[in-house]
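Structure data (compact mmCIF, C-alpha atoms) from upload.txt:
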# COMPACT_ATOMS: atom_id res chain seq x y z
CA MET A 435 -16.85 -20.23 -20.91
CA ASP A 436 -14.80 -21.86 -23.62
CA TYR A 437 -11.22 -20.88 -23.11
CA ASN A 438 -8.34 -23.13 -24.08
CA PHE A 439 -5.35 -22.75 -21.85
CA ASN A 440 -2.05 -22.51 -23.65
CA PHE A 441 0.91 -21.51 -21.57
CA GLY A 442 3.32 -21.91 -24.52
CA VAL A 443 3.81 -18.24 -25.24
CA VAL A 444 4.25 -17.46 -21.55
CA TRP A 445 6.96 -20.10 -21.13
CA ARG A 446 8.70 -18.93 -24.30
CA ASN A 447 8.86 -15.47 -22.78
CA PHE A 448 9.55 -16.65 -19.27
CA ASP A 449 13.11 -15.34 -19.31
CA LEU A 450 11.71 -11.88 -20.11
CA LEU A 451 9.42 -12.13 -17.11
CA LEU A 452 12.30 -13.26 -14.91
CA SER A 453 14.52 -10.44 -16.09
CA GLY A 454 11.66 -8.07 -15.30
CA LEU A 455 11.35 -9.59 -11.85
CA ALA A 456 15.10 -9.19 -11.30
CA LEU A 457 14.93 -5.54 -12.32
CA GLY A 458 11.98 -5.01 -9.97
CA LEU A 459 13.91 -6.57 -7.10
CA GLY A 460 16.91 -4.40 -7.91
CA LEU A 461 14.78 -1.27 -7.99
CA ALA A 462 13.18 -2.23 -4.68
CA LEU A 463 16.53 -2.97 -3.06
CA VAL A 464 18.12 0.34 -4.01
CA SER A 465 15.02 2.38 -3.17
CA ILE A 466 14.54 0.64 0.17
CA ALA A 467 18.19 1.17 1.08
CA ILE A 468 17.88 4.91 0.39
CA GLY A 469 14.47 4.91 2.08
CA CYS A 470 15.97 3.35 5.21
CA VAL A 471 18.54 6.15 5.43
CA ILE A 472 15.79 8.78 5.04
CA GLY A 473 13.60 6.88 7.48
CA LEU A 474 16.26 6.60 10.17
CA ALA A 475 17.24 10.25 9.90
CA LEU A 476 13.63 11.43 10.05
CA ALA A 477 12.73 9.02 12.86
CA PHE A 478 15.46 10.55 15.02
CA GLY A 479 14.13 13.94 13.91
CA MET A 480 10.65 12.98 15.05
CA VAL A 481 11.75 12.03 18.54
CA SER A 482 14.23 14.90 18.94
CA ARG A 483 13.68 17.79 21.31
CA ASN A 484 14.01 20.31 18.48
CA ARG A 485 10.50 21.48 17.58
CA LEU A 486 11.42 22.52 14.05
CA LEU A 487 12.94 19.13 13.26
CA ARG A 488 9.89 17.35 14.63
CA ALA A 489 7.56 19.53 12.58
CA LEU A 490 9.53 19.10 9.34
CA ALA A 491 9.76 15.33 9.74
CA SER A 492 6.08 14.92 10.46
CA ILE A 493 5.06 17.17 7.56
CA TYR A 494 7.17 15.01 5.23
CA VAL A 495 5.65 11.79 6.54
CA THR A 496 2.05 13.00 6.46
CA ALA A 497 2.34 14.58 3.03
CA ILE A 498 4.05 11.65 1.34
CA ARG A 499 2.03 8.90 2.99
CA ASN A 500 -1.21 10.51 1.87
CA THR A 501 -0.12 11.03 -1.72
CA PRO A 502 -0.52 8.21 -4.25
CA ILE A 503 2.84 6.83 -5.36
CA LEU A 504 1.77 7.06 -8.99
CA VAL A 505 1.43 10.84 -8.63
CA ILE A 506 4.94 11.00 -7.16
CA ILE A 507 6.32 8.84 -9.99
CA LEU A 508 4.67 10.91 -12.72
CA PHE A 509 5.72 14.12 -10.98
CA ALA A 510 9.35 13.01 -10.81
CA TYR A 511 9.39 11.85 -14.40
CA PHE A 512 7.29 14.47 -16.19
CA ALA A 513 7.32 17.57 -14.01
CA LEU A 514 10.83 17.73 -12.56
CA PRO A 515 12.40 18.42 -15.99
CA GLN A 516 10.51 21.73 -15.84
CA LEU A 517 12.67 22.61 -12.86
CA GLY A 518 15.75 21.59 -14.78
CA VAL A 519 16.12 18.20 -13.07
CA ARG A 520 16.33 15.63 -15.83
CA LEU A 521 16.38 12.06 -14.62
CA GLY A 522 16.18 8.86 -16.62
CA LYS A 523 13.25 6.50 -16.19
CA ILE A 524 15.02 4.25 -13.73
CA GLU A 525 16.61 7.06 -11.73
CA SER A 526 13.37 8.97 -11.40
CA PHE A 527 11.52 5.81 -10.37
CA VAL A 528 14.12 4.95 -7.74
CA ALA A 529 13.99 8.51 -6.43
CA SER A 530 10.17 8.35 -6.19
CA LEU A 531 10.07 4.98 -4.49
CA ALA A 532 12.87 5.99 -2.10
CA ILE A 533 11.00 9.14 -1.08
CA TYR A 534 7.82 7.12 -0.63
CA ALA A 535 9.65 4.38 1.29
CA GLY A 536 11.29 7.01 3.47
CA ALA A 537 7.92 8.19 4.75
CA TYR A 538 6.70 4.70 5.62
CA LEU A 539 9.97 3.60 7.16
CA THR A 540 10.11 6.77 9.28
CA GLU A 541 6.89 5.65 10.92
CA VAL A 542 8.29 2.16 11.53
CA PHE A 543 11.55 3.43 13.04
CA ARG A 544 9.78 6.09 15.06
CA ALA A 545 7.49 3.50 16.61
CA GLY A 546 10.58 1.42 17.39
CA LEU A 547 12.35 4.35 19.04
CA VAL A 548 9.32 5.34 21.10
CA ALA A 549 8.87 1.79 22.33
CA LEU A 550 12.40 1.61 23.77
CA PRO A 551 12.64 2.04 27.52
CA ALA A 552 14.20 5.40 28.43
CA GLY A 553 16.56 3.55 30.77
CA LEU A 554 18.49 2.17 27.83
CA ARG A 555 19.86 5.54 26.74
CA GLU A 556 20.29 6.69 30.34
CA ALA A 557 22.29 3.58 31.18
CA GLY A 558 24.54 4.29 28.22
CA LEU A 559 25.09 7.88 29.32
CA ALA A 560 25.72 6.70 32.87
CA ILE A 561 28.60 4.46 31.79
CA GLY A 562 30.12 7.41 29.96
CA LEU A 563 28.95 7.00 26.37
CA THR A 564 28.24 10.17 24.44
CA GLU A 565 24.74 10.71 22.96
CA MET A 566 26.00 9.59 19.57
CA GLN A 567 27.65 6.47 20.98
CA ALA A 568 24.53 5.55 22.97
CA ARG A 569 22.55 5.82 19.78
CA ARG A 570 25.03 3.81 17.75
CA TYR A 571 25.65 0.99 20.24
CA LEU A 572 22.42 0.80 22.23
CA THR A 573 19.39 2.45 20.70
CA LEU A 574 19.91 1.44 17.06
CA PRO A 575 20.75 -2.25 17.47
CA VAL A 576 17.89 -2.91 19.88
CA MET A 577 15.38 -0.83 17.92
CA LEU A 578 16.27 -2.47 14.60
CA ARG A 579 15.70 -5.94 16.04
CA ASN A 580 12.34 -4.89 17.44
CA VAL A 581 11.05 -3.39 14.20
CA LEU A 582 12.12 -6.23 11.89
CA PRO A 583 8.62 -7.76 11.64
CA SER A 584 6.99 -4.48 10.58
CA LEU A 585 9.96 -3.69 8.34
CA SER A 586 9.30 -6.93 6.51
CA ASN A 587 5.68 -5.95 5.80
CA ASN A 588 6.84 -2.61 4.47
CA PHE A 589 9.57 -4.13 2.32
CA ILE A 590 7.02 -6.45 0.72
CA SER A 591 4.58 -3.69 -0.02
CA LEU A 592 7.38 -1.50 -1.42
CA PHE A 593 8.52 -4.37 -3.62
CA LYS A 594 4.97 -4.67 -4.94
CA ASP A 595 5.03 -0.96 -5.73
CA THR A 596 7.81 -1.56 -8.25
CA SER A 597 5.02 -2.80 -10.55
CA LEU A 598 4.15 0.88 -11.03
CA ALA A 599 7.44 1.44 -12.82
CA ALA A 600 5.61 -0.05 -15.81
CA ALA A 601 3.59 3.18 -15.91
CA ILE A 602 6.67 5.04 -17.14
CA ALA A 603 7.78 2.08 -19.29
CA VAL A 604 10.53 0.72 -17.07
CA PRO A 605 10.83 -2.88 -18.31
CA GLU A 606 10.03 -4.79 -15.13
CA LEU A 607 7.70 -7.75 -14.60
CA THR A 608 4.37 -5.96 -15.06
CA PHE A 609 5.67 -4.19 -18.15
CA TYR A 610 6.60 -7.50 -19.81
CA ALA A 611 3.38 -9.16 -18.66
CA ARG A 612 1.42 -6.41 -20.35
CA LYS A 613 3.54 -6.75 -23.47
CA ILE A 614 3.01 -10.51 -23.67
CA ASN A 615 -0.67 -10.04 -22.95
CA VAL A 616 -1.13 -7.52 -25.74
CA GLU A 617 0.95 -9.44 -28.26
CA SER A 618 -0.45 -12.92 -27.68
CA PHE A 619 -3.86 -12.43 -26.05
CA ARG A 620 -3.04 -15.34 -23.72
CA VAL A 621 -4.67 -13.16 -21.10
CA ILE A 622 -5.37 -15.55 -18.24
CA GLU A 623 -2.09 -17.44 -18.54
CA THR A 624 0.00 -14.26 -18.60
CA TRP A 625 -1.57 -12.62 -15.58
CA LEU A 626 -1.73 -15.86 -13.64
CA VAL A 627 1.99 -16.47 -14.10
CA ALA A 628 2.86 -12.82 -13.42
CA SER A 629 0.90 -12.67 -10.19
CA LEU A 630 2.22 -16.05 -9.05
CA LEU A 631 5.74 -14.73 -9.59
CA TYR A 632 4.92 -11.73 -7.41
CA VAL A 633 3.27 -13.86 -4.73
CA LEU A 634 6.21 -16.28 -4.62
CA THR A 635 8.70 -13.43 -4.40
CA CYS A 636 6.75 -11.94 -1.51
CA TYR A 637 6.84 -15.30 0.27
CA VAL A 638 10.58 -15.54 -0.27
CA ILE A 639 11.18 -12.01 1.04
CA ALA A 640 9.04 -12.75 4.09
CA ALA A 641 10.86 -16.03 4.74
CA LEU A 642 14.29 -14.41 4.38
CA LEU A 643 13.41 -11.65 6.80
CA ARG A 644 11.99 -14.13 9.30
CA GLN A 645 15.25 -16.00 9.02
CA ALA A 646 17.13 -12.76 9.66
CA GLU A 647 14.92 -12.13 12.67
CA ARG A 648 15.86 -15.51 14.17
CA ARG A 649 19.54 -15.05 13.35
CA LEU A 650 19.69 -11.62 14.91
CA ALA A 651 17.57 -12.37 17.96
CA ILE A 652 19.39 -11.67 21.22
CA PRO A 653 19.90 -15.08 22.86
CA ALA A 654 17.71 -15.25 25.93
CA MET B 375 1.88 36.28 -12.59
CA GLU B 376 2.49 32.56 -12.88
CA LEU B 377 0.11 31.87 -10.05
CA GLN B 378 -2.54 33.87 -11.82
CA GLN B 379 -2.02 31.89 -15.00
CA PHE B 380 -2.20 28.64 -13.06
CA LEU B 381 -5.41 29.67 -11.34
CA SER B 382 -6.99 30.68 -14.61
CA GLU B 383 -6.01 27.32 -16.12
CA VAL B 384 -7.57 25.57 -13.15
CA TRP B 385 -10.69 27.64 -13.65
CA ILE B 386 -10.85 26.73 -17.33
CA ALA B 387 -10.44 23.03 -16.49
CA ARG B 388 -12.74 23.09 -13.48
CA ASN B 389 -15.45 20.89 -14.94
CA ALA B 390 -13.03 18.17 -16.03
CA LEU B 391 -11.26 18.28 -12.67
CA ILE B 392 -14.49 18.11 -10.68
CA ALA B 393 -15.74 15.21 -12.82
CA GLY B 394 -12.43 13.42 -12.25
CA LEU B 395 -12.58 14.04 -8.53
CA GLY B 396 -16.12 12.71 -8.50
CA ASN B 397 -15.00 9.54 -10.26
CA THR B 398 -12.14 9.08 -7.82
CA LEU B 399 -14.50 9.42 -4.88
CA ALA B 400 -17.05 7.06 -6.46
CA ILE B 401 -14.41 4.40 -7.25
CA SER B 402 -12.93 4.61 -3.77
CA ALA B 403 -16.27 4.57 -1.96
CA LEU B 404 -17.62 1.64 -3.99
CA ALA B 405 -14.41 -0.36 -3.60
CA ILE B 406 -14.17 0.31 0.13
CA VAL B 407 -17.80 -0.57 0.86
CA ALA B 408 -17.89 -3.68 -1.33
CA GLY B 409 -14.42 -4.75 -0.22
CA THR B 410 -15.27 -4.34 3.45
CA LEU B 411 -18.48 -6.39 3.19
CA LEU B 412 -16.67 -9.14 1.30
CA GLY B 413 -13.74 -8.85 3.70
CA ILE B 414 -15.99 -9.44 6.71
CA LEU B 415 -17.14 -12.72 5.14
CA VAL B 416 -13.53 -13.65 4.40
CA GLY B 417 -12.47 -12.83 7.95
CA LEU B 418 -15.32 -14.89 9.42
CA ALA B 419 -14.57 -17.84 7.15
CA ALA B 420 -10.89 -17.63 8.02
CA THR B 421 -11.60 -17.66 11.76
CA TYR B 422 -14.65 -19.88 12.23
CA GLY B 423 -14.85 -21.85 8.97
CA HIS B 424 -14.16 -25.54 8.35
CA ALA B 425 -10.56 -26.57 7.82
CA ALA B 426 -11.10 -26.65 4.04
CA LEU B 427 -12.72 -23.22 4.06
CA ARG B 428 -9.85 -21.86 6.12
CA VAL B 429 -7.34 -23.16 3.59
CA ILE B 430 -9.29 -21.56 0.75
CA THR B 431 -9.48 -18.18 2.49
CA ARG B 432 -5.78 -18.43 3.33
CA LEU B 433 -4.97 -18.94 -0.38
CA TYR B 434 -7.37 -16.15 -1.33
CA THR B 435 -5.85 -13.58 1.01
CA ASP B 436 -2.25 -14.61 0.35
CA PHE B 437 -2.74 -14.50 -3.39
CA LEU B 438 -4.47 -11.12 -3.39
CA ARG B 439 -2.11 -9.60 -0.85
CA GLY B 440 0.97 -10.89 -2.63
CA THR B 441 -0.05 -9.46 -6.00
CA PRO B 442 0.50 -5.74 -6.63
CA VAL B 443 -2.76 -3.78 -6.96
CA PHE B 444 -1.68 -2.63 -10.39
CA VAL B 445 -1.37 -6.24 -11.58
CA LEU B 446 -4.79 -7.04 -10.06
CA ILE B 447 -6.34 -4.14 -11.93
CA LEU B 448 -4.76 -5.09 -15.24
CA ALA B 449 -5.66 -8.76 -14.71
CA CYS B 450 -9.31 -7.98 -13.92
CA PHE B 451 -9.49 -5.56 -16.82
CA TYR B 452 -8.17 -8.06 -19.39
CA ILE B 453 -9.31 -11.39 -17.96
CA LEU B 454 -12.93 -10.58 -17.21
CA SER B 455 -13.64 -9.58 -20.79
CA VAL B 456 -12.02 -12.78 -22.10
CA ILE B 457 -14.16 -15.04 -19.92
CA GLY B 458 -17.25 -13.25 -21.15
CA VAL B 459 -17.93 -10.86 -18.28
CA GLN B 460 -18.34 -7.54 -20.08
CA LEU B 461 -17.41 -4.79 -17.67
CA THR B 462 -16.37 -1.24 -18.36
CA ALA B 463 -12.86 -0.19 -17.32
CA PHE B 464 -14.45 1.65 -14.40
CA GLN B 465 -16.25 -1.49 -13.20
CA ALA B 466 -13.32 -3.84 -13.72
CA GLY B 467 -10.94 -1.50 -11.90
CA THR B 468 -13.31 -0.94 -9.02
CA PHE B 469 -13.84 -4.70 -8.78
CA ALA B 470 -10.07 -5.24 -8.55
CA LEU B 471 -9.76 -2.61 -5.82
CA ALA B 472 -12.66 -4.22 -3.93
CA LEU B 473 -10.94 -7.63 -4.09
CA PHE B 474 -7.73 -6.09 -2.80
CA CYS B 475 -9.64 -4.34 -0.02
CA SER B 476 -11.46 -7.56 0.95
CA SER B 477 -8.22 -9.49 1.40
CA HIS B 478 -6.84 -6.85 3.73
CA VAL B 479 -10.06 -6.43 5.70
CA GLY B 480 -10.37 -10.21 5.98
CA GLU B 481 -6.87 -10.47 7.35
CA ILE B 482 -7.18 -7.70 9.94
CA LEU B 483 -10.59 -8.99 11.04
CA ARG B 484 -9.16 -12.47 11.50
CA GLY B 485 -6.36 -11.02 13.61
CA ALA B 486 -8.81 -9.05 15.74
CA LEU B 487 -11.21 -11.97 16.23
CA GLN B 488 -8.43 -14.34 17.19
CA ALA B 489 -7.15 -11.86 19.76
CA ILE B 490 -10.42 -12.04 21.68
CA PRO B 491 -10.02 -14.48 24.59
CA LYS B 492 -11.77 -17.84 24.06
CA GLY B 493 -13.41 -17.54 27.48
CA GLN B 494 -15.73 -14.87 26.14
CA VAL B 495 -17.21 -17.18 23.52
CA GLU B 496 -17.58 -19.89 26.16
CA ALA B 497 -19.19 -17.45 28.57
CA ALA B 498 -21.61 -16.35 25.86
CA LYS B 499 -22.46 -19.97 25.13
CA SER B 500 -23.03 -20.74 28.78
CA ILE B 501 -25.56 -17.93 29.15
CA GLY B 502 -27.39 -19.36 26.13
CA LEU B 503 -26.44 -17.06 23.23
CA THR B 504 -26.45 -18.57 19.74
CA PHE B 505 -23.39 -18.03 17.57
CA PRO B 506 -24.93 -15.18 15.53
CA GLN B 507 -25.89 -13.49 18.80
CA THR B 508 -22.43 -14.03 20.24
CA PHE B 509 -20.90 -12.59 17.12
CA LEU B 510 -23.18 -9.58 16.99
CA HIS B 511 -23.12 -8.65 20.67
CA VAL B 512 -19.82 -9.94 21.98
CA LEU B 513 -17.22 -10.33 19.24
CA MET B 514 -18.06 -7.72 16.63
CA PRO B 515 -18.11 -4.66 18.91
CA GLN B 516 -14.64 -5.52 20.21
CA ALA B 517 -13.24 -6.50 16.83
CA LEU B 518 -14.54 -3.32 15.19
CA ARG B 519 -12.83 -1.11 17.76
CA GLN B 520 -9.65 -3.06 17.25
CA ILE B 521 -9.62 -2.88 13.45
CA LEU B 522 -10.72 0.72 13.05
CA PRO B 523 -7.23 2.30 12.76
CA THR B 524 -5.95 -0.36 10.34
CA TRP B 525 -9.16 -0.20 8.38
CA VAL B 526 -8.68 3.55 7.85
CA ASN B 527 -5.20 2.78 6.56
CA VAL B 528 -6.66 0.29 4.09
CA ALA B 529 -9.20 2.89 3.00
CA THR B 530 -6.47 5.42 2.24
CA GLU B 531 -4.58 2.72 0.33
CA ILE B 532 -7.69 2.22 -1.79
CA VAL B 533 -8.00 5.95 -2.49
CA LYS B 534 -4.36 5.97 -3.54
CA GLY B 535 -4.86 2.78 -5.55
CA SER B 536 -7.71 4.39 -7.48
CA THR B 537 -5.07 6.41 -9.36
CA LEU B 538 -4.03 3.18 -11.07
CA LEU B 539 -7.33 3.11 -12.92
CA SER B 540 -5.98 6.00 -14.96
CA ILE B 541 -3.73 3.50 -16.71
CA ILE B 542 -6.65 1.45 -17.98
CA GLY B 543 -8.31 4.62 -19.21
CA VAL B 544 -10.75 5.54 -16.48
CA VAL B 545 -10.89 9.32 -16.32
CA GLU B 546 -10.52 9.72 -12.59
CA LEU B 547 -8.73 12.65 -11.00
CA LEU B 548 -5.21 11.70 -12.09
CA LEU B 549 -6.11 11.05 -15.73
CA ALA B 550 -8.24 14.22 -15.80
CA VAL B 551 -5.19 16.12 -14.54
CA GLN B 552 -2.96 14.48 -17.14
CA GLN B 553 -5.39 15.48 -19.87
CA VAL B 554 -5.30 19.06 -18.65
CA ILE B 555 -1.50 18.93 -18.65
CA ALA B 556 -1.50 17.61 -22.22
CA ARG B 557 -3.28 20.81 -23.20
CA ASN B 558 -1.40 23.47 -21.25
CA PHE B 559 1.94 21.75 -20.43
CA MET B 560 1.85 22.99 -16.84
CA SER B 561 2.88 19.60 -15.49
CA LEU B 562 4.61 20.89 -12.38
CA GLU B 563 1.65 22.87 -11.14
CA PHE B 564 -1.03 20.38 -12.05
CA PHE B 565 0.68 17.27 -10.71
CA PHE B 566 1.17 19.22 -7.55
CA LEU B 567 -2.52 20.05 -7.51
CA ALA B 568 -3.36 16.36 -7.99
CA GLY B 569 -1.09 15.34 -5.15
CA PHE B 570 -2.60 18.00 -2.95
CA LEU B 571 -6.18 16.91 -3.67
CA TYR B 572 -5.35 13.27 -2.87
CA PHE B 573 -3.65 14.44 0.27
CA LEU B 574 -6.79 16.31 1.30
CA ILE B 575 -9.02 13.28 0.73
CA ASN B 576 -6.75 10.97 2.70
CA PHE B 577 -6.08 13.47 5.43
CA ALA B 578 -9.82 13.93 5.87
CA LEU B 579 -10.27 10.14 6.03
CA GLU B 580 -7.53 9.89 8.64
CA ARG B 581 -9.11 12.63 10.76
CA LEU B 582 -12.50 10.98 10.45
CA GLY B 583 -10.92 7.72 11.60
CA ARG B 584 -9.35 9.40 14.63
CA TYR B 585 -12.66 11.00 15.49
CA LEU B 586 -14.53 7.69 15.26
CA GLU B 587 -11.84 6.02 17.33
CA ARG B 588 -12.34 8.51 20.13
CA LYS B 589 -16.10 8.26 19.76
CA VAL B 590 -16.24 4.48 20.14
CA ALA B 591 -13.43 4.13 22.68
CA LEU B 592 -14.44 2.40 25.88
CA PRO B 593 -14.39 4.76 28.86
CA THR B 594 -11.43 3.89 31.02
Please express the file's structure as structure tokens.
Amino acid sequence: MDYNFNFGVVWRNFDLLLSGLALGLGLALVSIAIGCVIGLALAFGMVSRNRLLRALASIYVTAIRNTPILVIILFAYFALPQLGVRLGKIESFVASLAIYAGAYLTEVFRAGLVALPAGLREAGLAIGLTEMQARRYLTLPVMLRNVLPSLSNNFISLFKDTSLAAAIAVPELTFYARKINVESFRVIETWLVASLLYVLTCYVIAALLRQAERRLAIPA
Amino acid sequence: MELQQFLSEVWIARNALIAGLGNTLAISALAIVAGTLLGILVGLAATYGHAALRVITRLYTDFLRGTPVFVLILACFYILSVIGVQLTAFQAGTFALALFCSSHVGEILRGALQAIPKGQVEAAKSIGLTFPQTFLHVLMPQALRQILPTWVNVATEIVKGSTLLSIIGVVELLLAVQQVIARNFMSLEFFFLAGFLYFLINFALERLGRYLERKVALPT
């Protein structure tokens, strides 16, 4: 193997890669935020006593979790216009990732809700809170703390899914890496730097969420 | 009327769709089998290896798990040909998926092995079992039961990840569907069909996993 490493072209385009990374993080943040709202709503649906709600929520989760995200992205971008819904690249990607995130986060929140002792809600009702208040002040805060570790795994994998935005030409990190790769043929350098950027970002996200976990922990 | 047209289009494209489905199944099966075998080695090295070996496996799994699958696929596709390993897009993509699978299997196996109480290994030693015997008869049966549900999740991730090979030009199910759409412009219907087929594959995998879980569960 005679390959001469030359990172020059990668460093010259490093600001492009960083701007791509920033866009990816932004996409992930917005999609995850929307996904959390979907996830919370559906998680309460899944543990509710209403059969119809339970069925609808679990159909959503099963269907979306078993469908490749790329199919959802292409569907949102290429097929929705047929129904008269025209979204830009970024909007349709955010919508796809949010829907996908919603399914995964529902599972996380549901597991958190199921794991709570029933006494928590009952104690709230006993001191005169309404159902809604018990949820807001007891169930949610305790559940969210408990699920933080699995949330962090999901956030990381959803952030990695932003690389698929390159498939519909959203200029994020993978998109620019491919561009640099094709233009310069510095193949190994480009992909090495791109994946290291992803790996580092994942580490940072994990560290931040661990920090949040410690901050938010209920003092023993 | 529209349904009839859709069905006739599906009928016209049946050979392409079946060939694509076959490719998807072949890619997934190869990647899962190869990735699992490699992952078992990784998991063993990460649990019982020398300190140096453990550091290497740690870097291996962290790097592969921190990089998006899409980036892995593109990197394998471009890099391998540059360093003189001539693989087809199919082979390079499957290789990338297998690497991804191995890092996840390695990690869950390590978790499962470490969860087994030390006393069992000591007990096995004291009745005169060698390490391979201990592994085969004491550790592996417990670890396998433990990792089965997560392993099925990884397998469905691989099936979903196989769609990414469409971007490097492997005519698997998603690219076959896109080619059909390019001819008849029925993007809504055909993307839906693609999503549904992937759903069926993954749903079947999940059911199979549940069945195996019940089958191998220890009687309580």
Kindly list the centre and edge lengths in Å, rounded to one decimal, for the axis-aligned box that covers all listed atoms of segment 424-433 of chain B plus 4 Å on each of its six sides, as JSON.
{"center_x": -9.6, "center_y": -22.4, "center_z": 4.0, "size_x": 17.2, "size_y": 16.5, "size_z": 16.7}
Please report the interatomic distance between atom CA of Tyr538 of chain A and atom CA of Thr596 of chain A in Å with one decimal.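 Result for atom CA of Tyr538 of chain A versus atom CA of Thr596 of chain A: 15.3 Å, one decimal.
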Select from chain B every residue with an atom at most 9 Å from any atom of chain A, then for each give the shortest pair of atoms and their distance in Å to one decimal, using only C-alpha atoms, rows by chain and rising number, as CSV.
residue,atom,partner,partner_atom,distance
B:Asp436,CA,A:Val633,CA,7.5
B:Phe437,CA,A:Val633,CA,6.2
B:Leu438,CA,A:Val633,CA,8.3
B:Arg439,CA,A:Val633,CA,7.9
B:Gly440,CA,A:Val633,CA,4.3
B:Thr441,CA,A:Ser629,CA,5.4
B:Pro442,CA,A:Lys594,CA,4.9
B:Val443,CA,A:Lys594,CA,8.0
B:Phe444,CA,A:Ser597,CA,6.7
B:Val445,CA,A:Thr608,CA,6.7
B:Leu446,CA,A:Ser629,CA,8.0
B:Leu448,CA,A:Arg612,CA,8.1
B:Ala449,CA,A:Trp625,CA,5.7
B:Tyr452,CA,A:Val621,CA,6.4
B:Ile453,CA,A:Ile622,CA,5.7
B:Val456,CA,A:Val621,CA,7.4
B:Ile457,CA,A:Met435,CA,5.9
B:Gly458,CA,A:Met435,CA,7.0
B:Thr530,CA,A:Asn500,CA,7.3
B:Glu531,CA,A:Pro502,CA,8.2
B:Val533,CA,A:Pro502,CA,8.0
B:Lys534,CA,A:Pro502,CA,4.5
B:Gly535,CA,A:Pro502,CA,7.1
B:Ser536,CA,A:Pro502,CA,8.8
B:Thr537,CA,A:Leu504,CA,6.9
B:Leu538,CA,A:Leu504,CA,7.3
B:Ile541,CA,A:Ala601,CA,7.4
B:Leu548,CA,A:Val505,CA,7.5
B:Met560,CA,A:Ala513,CA,8.2
B:Ser561,CA,A:Ala513,CA,5.1
B:Leu562,CA,A:Ala513,CA,4.6
B:Glu563,CA,A:Ala513,CA,8.3
B:Phe565,CA,A:Phe509,CA,5.9
B:Phe566,CA,A:Phe509,CA,7.6
B:Ala568,CA,A:Val505,CA,7.3
B:Gly569,CA,A:Thr501,CA,5.6
B:Phe570,CA,A:Thr501,CA,7.5
B:Leu571,CA,A:Thr501,CA,8.7
B:Tyr572,CA,A:Thr501,CA,5.8
B:Phe573,CA,A:Asn500,CA,4.9
B:Leu574,CA,A:Asn500,CA,8.1
B:Ile575,CA,A:Asn500,CA,8.4
B:Asn576,CA,A:Asn500,CA,5.6
B:Phe577,CA,A:Asn500,CA,6.7
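Once Ser402 of chain B and its same-chain neighbours fewer than 4 positions away are set aside, Thr398, Ile406, Thr468, Ala529, Ile532, Val533 and Ser536 of chain B remain within 8 Å of it when counting only C-alpha atoms.
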Mind giving me the straight-line distance from atom CA of Leu452 of chain A to atom CA of Ile602 of chain A in Å, one decimal? 19.3 Å
Using only C-alpha atoms for the distances, tell me which of B:Ala550, B:Pro593, B:Ala472, B:Leu411 is nearest to Asn389 of chain B.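 Looking only at the distances to Asn389 of chain B, the closest residue turns out to be B:Ala550.
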May I ask which of the residues A:Ala654, A:Ala560, A:Arg569, A:Val528 is the closest one to Leu459 of chain A, counting all atoms listed in the file? A:Val528
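Using all atoms listed in the file, the smallest distance between any of A:Val519, A:Ala537, A:Ala552, A:Ala456 and Leu490 of chain A comes from A:Ala537.
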How far is it from atom CA of Tyr571 of chain A to atom CA of Gly558 of chain A, in Å with one decimal? 8.7 Å
Return the single residue from B:Thr508, B:Val545, B:Arg519, B:Val526 that is closest to Lys589 of chain B, with distances computed using all atoms listed in the file. B:Arg519
